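Next comes entry-v8.cif, with mmCIF, C-alpha atoms and all ligand atoms.
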```cif
data_input
loop_
_atom_site.label_atom_id
_atom_site.label_comp_id
_atom_site.auth_asym_id
_atom_site.auth_seq_id
_atom_site.Cartn_x
_atom_site.Cartn_y
_atom_site.Cartn_z
CA MET W 1 -6.07 290.69 114.98
CA ARG W 2 -6.77 294.04 113.34
CA ILE W 3 -6.20 294.59 109.66
CA SER W 4 -6.42 297.69 107.55
CA ILE W 5 -8.92 297.72 104.71
CA GLY W 6 -8.04 301.24 103.55
CA GLU W 7 -6.53 300.02 100.28
CA LEU W 8 -9.70 298.08 99.48
CA LEU W 9 -12.02 300.93 100.44
CA ALA W 10 -10.00 303.32 98.31
CA GLY W 11 -10.23 300.99 95.34
CA ARG W 12 -6.47 300.49 95.09
CA ARG W 13 -6.92 296.81 95.68
CA ALA W 14 -9.72 294.43 94.64
CA ALA W 15 -9.28 291.54 97.06
CA GLN W 16 -7.22 290.35 99.99
CA ARG W 17 -6.89 286.92 101.56
CA VAL W 18 -6.35 286.62 105.29
CA ALA W 19 -5.26 283.46 107.09
CA PHE W 20 -6.94 283.59 110.48
CA CYS W 21 -5.71 281.48 113.40
CA GLU W 22 -6.26 282.60 116.97
CA ASP W 23 -7.05 281.28 120.41
CA LEU W 24 -10.28 282.98 121.43
CA GLU W 25 -11.75 283.40 124.89
CA PRO W 26 -14.45 280.88 125.90
CA PRO W 27 -17.49 282.14 123.96
CA ALA W 28 -20.10 281.20 126.59
CA GLU W 29 -20.56 279.57 129.95
CA ASP W 30 -19.62 275.86 129.87
CA VAL W 31 -18.20 276.23 126.36
CA PHE W 32 -14.48 275.95 125.76
CA LEU W 33 -12.37 275.95 122.65
CA THR W 34 -9.98 273.02 122.51
CA ARG W 35 -8.35 274.28 119.30
CA PRO W 36 -7.56 277.71 117.89
CA VAL W 37 -10.21 279.21 115.62
CA GLN W 38 -8.80 279.05 112.13
CA GLY W 39 -9.63 279.36 108.48
CA GLU W 40 -9.20 281.54 105.43
CA LEU W 41 -11.12 284.77 105.05
CA LEU W 42 -11.52 286.79 101.89
CA LEU W 43 -12.00 290.54 101.67
CA THR W 44 -13.37 291.82 98.39
CA ARG W 45 -14.35 295.26 97.21
CA ALA W 46 -18.04 295.60 96.31
CA GLY W 47 -18.86 299.09 95.13
CA ARG W 48 -18.05 301.47 97.98
CA ALA W 49 -18.13 298.68 100.53
CA VAL W 50 -15.80 295.83 101.44
CA VAL W 51 -17.25 292.36 101.96
CA LEU W 52 -15.68 289.81 104.29
CA THR W 53 -16.55 286.15 103.65
CA GLY W 54 -15.14 282.79 104.62
CA HIS W 55 -15.39 279.85 106.95
CA LEU W 56 -13.71 279.34 110.31
CA ARG W 57 -13.44 276.13 112.26
CA THR W 58 -12.58 275.01 115.74
CA VAL W 59 -13.38 272.21 118.19
CA LEU W 60 -15.74 272.99 121.05
CA GLY W 61 -15.55 271.47 124.52
CA LEU W 62 -19.18 271.24 125.60
CA LEU W 63 -21.26 269.99 128.49
CA CYS W 64 -24.12 267.65 127.55
CA GLY W 65 -27.38 269.25 128.65
CA ALA W 66 -28.88 265.82 129.44
CA CYS W 67 -26.19 263.75 131.18
CA LEU W 68 -23.72 266.57 132.05
CA ALA W 69 -20.81 264.71 130.44
CA ARG W 70 -18.06 266.72 128.78
CA PHE W 71 -17.55 266.09 125.09
CA GLU W 72 -15.89 267.63 122.07
CA GLN W 73 -17.63 268.69 118.88
CA ALA W 74 -16.12 270.11 115.71
CA LEU W 75 -17.68 273.37 114.57
CA ASP W 76 -17.44 274.98 111.15
CA PHE W 77 -19.14 278.34 110.84
CA PRO W 78 -19.53 280.96 108.11
CA VAL W 79 -18.35 284.54 108.38
CA VAL W 80 -20.11 287.25 106.39
CA GLU W 81 -19.79 290.95 107.12
CA GLU W 82 -19.85 294.13 105.07
CA PHE W 83 -17.89 297.27 105.85
CA GLY W 84 -18.12 300.81 104.62
CA ARG W 85 -16.71 304.22 105.43
CA VAL W 86 -18.54 306.53 107.75
CA VAL W 87 -20.07 309.03 105.35
CA THR W 88 -21.24 312.26 106.92
CA ALA W 89 -22.96 314.11 104.14
CA ALA W 90 -23.23 317.72 105.27
CA GLY W 91 -26.67 319.24 105.04
CA GLU W 92 -28.38 315.89 104.48
CA PRO W 93 -31.50 315.61 106.63
CA PRO W 94 -31.65 312.58 108.94
CA ARG W 95 -33.49 309.73 107.29
CA SER W 96 -36.62 308.22 108.77
CA ALA W 97 -36.92 304.50 109.49
CA ALA W 98 -38.92 304.04 106.29
CA GLU W 99 -35.92 305.12 104.26
CA LEU W 100 -33.51 302.53 105.63
CA ASP W 101 -31.69 300.77 102.85
CA ALA W 102 -28.99 298.15 102.42
CA GLU W 103 -26.30 300.55 103.59
CA ASP W 104 -27.70 300.42 107.10
CA PHE W 105 -26.48 296.84 107.42
CA VAL W 106 -22.96 297.87 106.58
CA VAL W 107 -20.56 298.06 109.52
CA LYS W 108 -19.09 301.55 109.59
CA VAL W 109 -15.32 301.69 109.58
CA GLY W 110 -13.65 304.43 111.59
CA PRO W 111 -10.95 306.86 110.46
CA ASP W 112 -8.16 304.29 110.97
CA GLU W 113 -9.88 302.11 108.33
CA SER W 114 -9.12 298.93 110.19
CA ILE W 115 -11.38 296.07 111.25
CA ASP W 116 -11.05 293.76 114.24
CA LEU W 117 -11.14 290.22 112.87
CA THR W 118 -10.88 288.72 116.36
CA GLU W 119 -14.09 290.43 117.43
CA ILE W 120 -15.86 289.50 114.18
CA ALA W 121 -14.81 285.85 114.58
CA ARG W 122 -16.00 285.89 118.19
CA GLN W 123 -19.45 287.23 117.28
CA HIS W 124 -19.94 284.72 114.46
CA LEU W 125 -18.76 281.89 116.70
CA ILE W 126 -21.34 282.79 119.37
CA LEU W 127 -24.11 282.76 116.75
CA ALA W 128 -23.03 279.30 115.61
CA LEU W 129 -22.94 277.64 119.05
CA PRO W 130 -25.33 274.70 119.53
CA ILE W 131 -28.34 275.84 121.57
CA SER W 132 -28.81 272.62 123.54
CA PRO W 133 -25.65 270.53 123.28
CA ARG W 134 -26.00 266.75 123.53
CA CYS W 135 -23.11 264.29 123.80
CA ARG W 136 -24.95 262.17 121.22
CA GLU W 137 -28.32 262.21 119.50
CA GLY W 138 -30.98 260.85 121.87
CA CYS W 139 -28.81 260.97 124.98
CA PRO W 140 -31.13 259.58 127.71
CA GLY W 141 -29.49 261.78 130.34
CA LEU W 142 -29.66 261.16 134.07
CA CYS W 143 -32.40 259.30 135.91
CA PRO W 144 -34.60 261.95 137.58
CA GLU W 145 -35.03 259.64 140.58
CA CYS W 146 -31.57 258.32 141.45
CA GLY W 147 -29.33 260.46 139.21
CA ALA W 148 -27.70 257.47 137.49
CA ASP W 149 -26.28 258.10 134.02
CA LEU W 150 -28.69 256.17 131.81
CA ASN W 151 -26.03 256.01 129.05
CA ALA W 152 -24.43 253.30 131.19
CA GLY W 153 -27.65 251.26 131.12
CA PRO W 154 -30.94 251.16 132.99
CA CYS W 155 -30.95 251.97 136.70
CA ALA W 156 -32.86 250.19 139.42
CA CYS W 157 -35.75 252.68 139.28
CA ARG W 158 -36.99 251.73 135.85
CA PRO W 159 -37.08 248.48 133.95
CA ALA W 160 -35.07 248.36 130.72
CA SER W 161 -38.30 248.27 128.70
CA GLU W 162 -38.96 251.92 129.60
CA MET W 163 -35.58 253.10 128.39
CA PRO W 164 -35.56 255.32 125.30
CA GLY W 165 -34.75 253.17 122.27
CA HIS W 166 -36.04 250.02 123.97
CA ARG W 167 -39.72 250.57 123.25
CA ALA W 168 -41.17 247.22 122.23
CA GLY W 169 -42.57 247.56 118.73
CA GLY W 170 -42.22 251.32 118.96
CA GLY W 171 -40.66 251.91 115.58
CA ARG W 172 -37.05 252.24 114.51
CA PRO W 173 -34.68 254.22 116.71
CA ALA W 174 -33.59 257.50 115.13
CA GLU W 175 -30.72 257.35 112.69
CA GLY W 176 -27.36 257.56 114.44
CA SER W 177 -28.77 256.74 117.84
CA GLU W 178 -27.15 253.33 117.93
CA ARG W 179 -24.35 253.19 120.43
CA SER W 180 -21.37 252.98 118.16
CA TRP W 181 -18.96 253.89 120.91
CA VAL W 182 -18.69 253.19 124.62
ZN ZN K 201 -25.31 263.16 127.26
ZN ZN K 202 -32.90 255.68 138.69
#
```

Please go through the file and, once you have read it, give me the structure as structure tokens.
Amino acid sequence: MRISIGELLAGRRAAQRVAFCEDLEPPAEDVFLTRPVQGELLLTRAGRAVVLTGHLRTVLGLLCGACLARFEQALDFPVVEEFGRVVTAAGEPPRSAAELDAEDFVVKVGPDESIDLTEIARQHLILALPISPRCREGCPGLCPECGADLNAGPCACRPASEMPGHRAGGGRPAEGSERSWV
């Protein structure tokens, strides 16, 4: 989805709301999107720049890094980006690194004055992905010896007393680690 921000850059408009709803490509290996990415984005003029803000949400299909089970997880992620025109000031000497200012973090908009919201959503989604997905907090994963899924209970290799969360007198299990579902 590309939209023009020429009116905003020119100062003929102060703000613009955009309803975003798109099916995006899988953002990473073993990560799928089970819902479209959707949410409301707001474009506002800020001086000579245009600022894009908002929140997008989707539901991820992930692979647990411990037990390899597939599971779904809702994801809500912020979108913040700033855009400005490409300004080529004739005769201006190139600036050194020491002279970098806030404008260097502004995404330059080409002559068509449009921005690609799909690409922006994709980049922000990738930044928001969980680094080591787990089907639940404290997932015990697979037994390194026999490969049994320890979520289903202890395997023959180890007595139940060695299972995570079964430590005798070893303090309270972490919040939310109780098995509230099967
Ligand atoms: Zn797991
Ligand atoms: Zn085992």

**Asked** Which residues, written as a VMD selection string, have at least one atom at most 10 Å from region 17-26 of chain W, with all atoms listed in the file counted and residues fewer than 4 positions away on the same chain left out?
**Response** chain W and resid 1 3 30 to 44 52 to 58 60 to 61 117 to 119 121 to 122 125 to 126

Write the selection just made, keeping C-alpha atoms, as a JSON list (two decimals), keeping the file's coordinate frame?
```json
[["chain", "number", "residue", "atom", "x", "y", "z"],
["W", 1, "MET", "CA", -6.07, 290.69, 114.98],
["W", 3, "ILE", "CA", -6.20, 294.59, 109.66],
["W", 30, "ASP", "CA", -19.62, 275.86, 129.87],
["W", 31, "VAL", "CA", -18.20, 276.23, 126.36],
["W", 32, "PHE", "CA", -14.48, 275.95, 125.76],
["W", 33, "LEU", "CA", -12.37, 275.95, 122.65],
["W", 34, "THR", "CA", -9.98, 273.02, 122.51],
["W", 35, "ARG", "CA", -8.35, 274.28, 119.30],
["W", 36, "PRO", "CA", -7.56, 277.71, 117.89],
["W", 37, "VAL", "CA", -10.21, 279.21, 115.62],
["W", 38, "GLN", "CA", -8.80, 279.05, 112.13],
["W", 39, "GLY", "CA", -9.63, 279.36, 108.48],
["W", 40, "GLU", "CA", -9.20, 281.54, 105.43],
["W", 41, "LEU", "CA", -11.12, 284.77, 105.05],
["W", 42, "LEU", "CA", -11.52, 286.79, 101.89],
["W", 43, "LEU", "CA", -12.00, 290.54, 101.67],
["W", 44, "THR", "CA", -13.37, 291.82, 98.39],
["W", 52, "LEU", "CA", -15.68, 289.81, 104.29],
["W", 53, "THR", "CA", -16.55, 286.15, 103.65],
["W", 54, "GLY", "CA", -15.14, 282.79, 104.62],
["W", 55, "HIS", "CA", -15.39, 279.85, 106.95],
["W", 56, "LEU", "CA", -13.71, 279.34, 110.31],
["W", 57, "ARG", "CA", -13.44, 276.13, 112.26],
["W", 58, "THR", "CA", -12.58, 275.01, 115.74],
["W", 60, "LEU", "CA", -15.74, 272.99, 121.05],
["W", 61, "GLY", "CA", -15.55, 271.47, 124.52],
["W", 117, "LEU", "CA", -11.14, 290.22, 112.87],
["W", 118, "THR", "CA", -10.88, 288.72, 116.36],
["W", 119, "GLU", "CA", -14.09, 290.43, 117.43],
["W", 121, "ALA", "CA", -14.81, 285.85, 114.58],
["W", 122, "ARG", "CA", -16.00, 285.89, 118.19],
["W", 125, "LEU", "CA", -18.76, 281.89, 116.70],
["W", 126, "ILE", "CA", -21.34, 282.79, 119.37]]
```

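Separating CA of Ala10 (chain W) from CA of Gly84 (chain W) is a distance of 10.6 Å.
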
**Asked** Within 8 Å of ligand ZN 202 (chain K), counting only C-alpha atoms and all ligand atoms, which protein or nucleic acid residues do you find, written as a ChimeraX atom specification?
**Response** /W:142-148,154-158

Please check which protein, DNA or RNA residues sit within 7 Å of ligand ZN 201 (chain K), counting only C-alpha atoms and all ligand atoms, and write them as a short mmCIF file (atom, residue, chain, number, x, y, z; two decimals) with C-alpha atoms, in the frame of the given file.
```
data_model
loop_
_atom_site.label_atom_id
_atom_site.label_comp_id
_atom_site.auth_asym_id
_atom_site.auth_seq_id
_atom_site.Cartn_x
_atom_site.Cartn_y
_atom_site.Cartn_z
CA CYS W 64 -24.12 267.65 127.55
CA GLY W 65 -27.38 269.25 128.65
CA ALA W 66 -28.88 265.82 129.44
CA CYS W 67 -26.19 263.75 131.18
CA LEU W 68 -23.72 266.57 132.05
CA ALA W 69 -20.81 264.71 130.44
CA ARG W 134 -26.00 266.75 123.53
CA CYS W 135 -23.11 264.29 123.80
CA ARG W 136 -24.95 262.17 121.22
CA CYS W 139 -28.81 260.97 124.98
CA PRO W 140 -31.13 259.58 127.71
CA GLY W 141 -29.49 261.78 130.34
#
```

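Reported to one decimal place, the separation of CA of Gln123 (chain W) from CA of Arg85 (chain W) is 20.9 Å.
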
**Prompt:** For Ala74 (chain W), which of W:Gly153, W:Pro130, W:Gly6, W:Gly11 is the closest residue, counting all atoms listed in the file?
**Reply:** W:Pro130
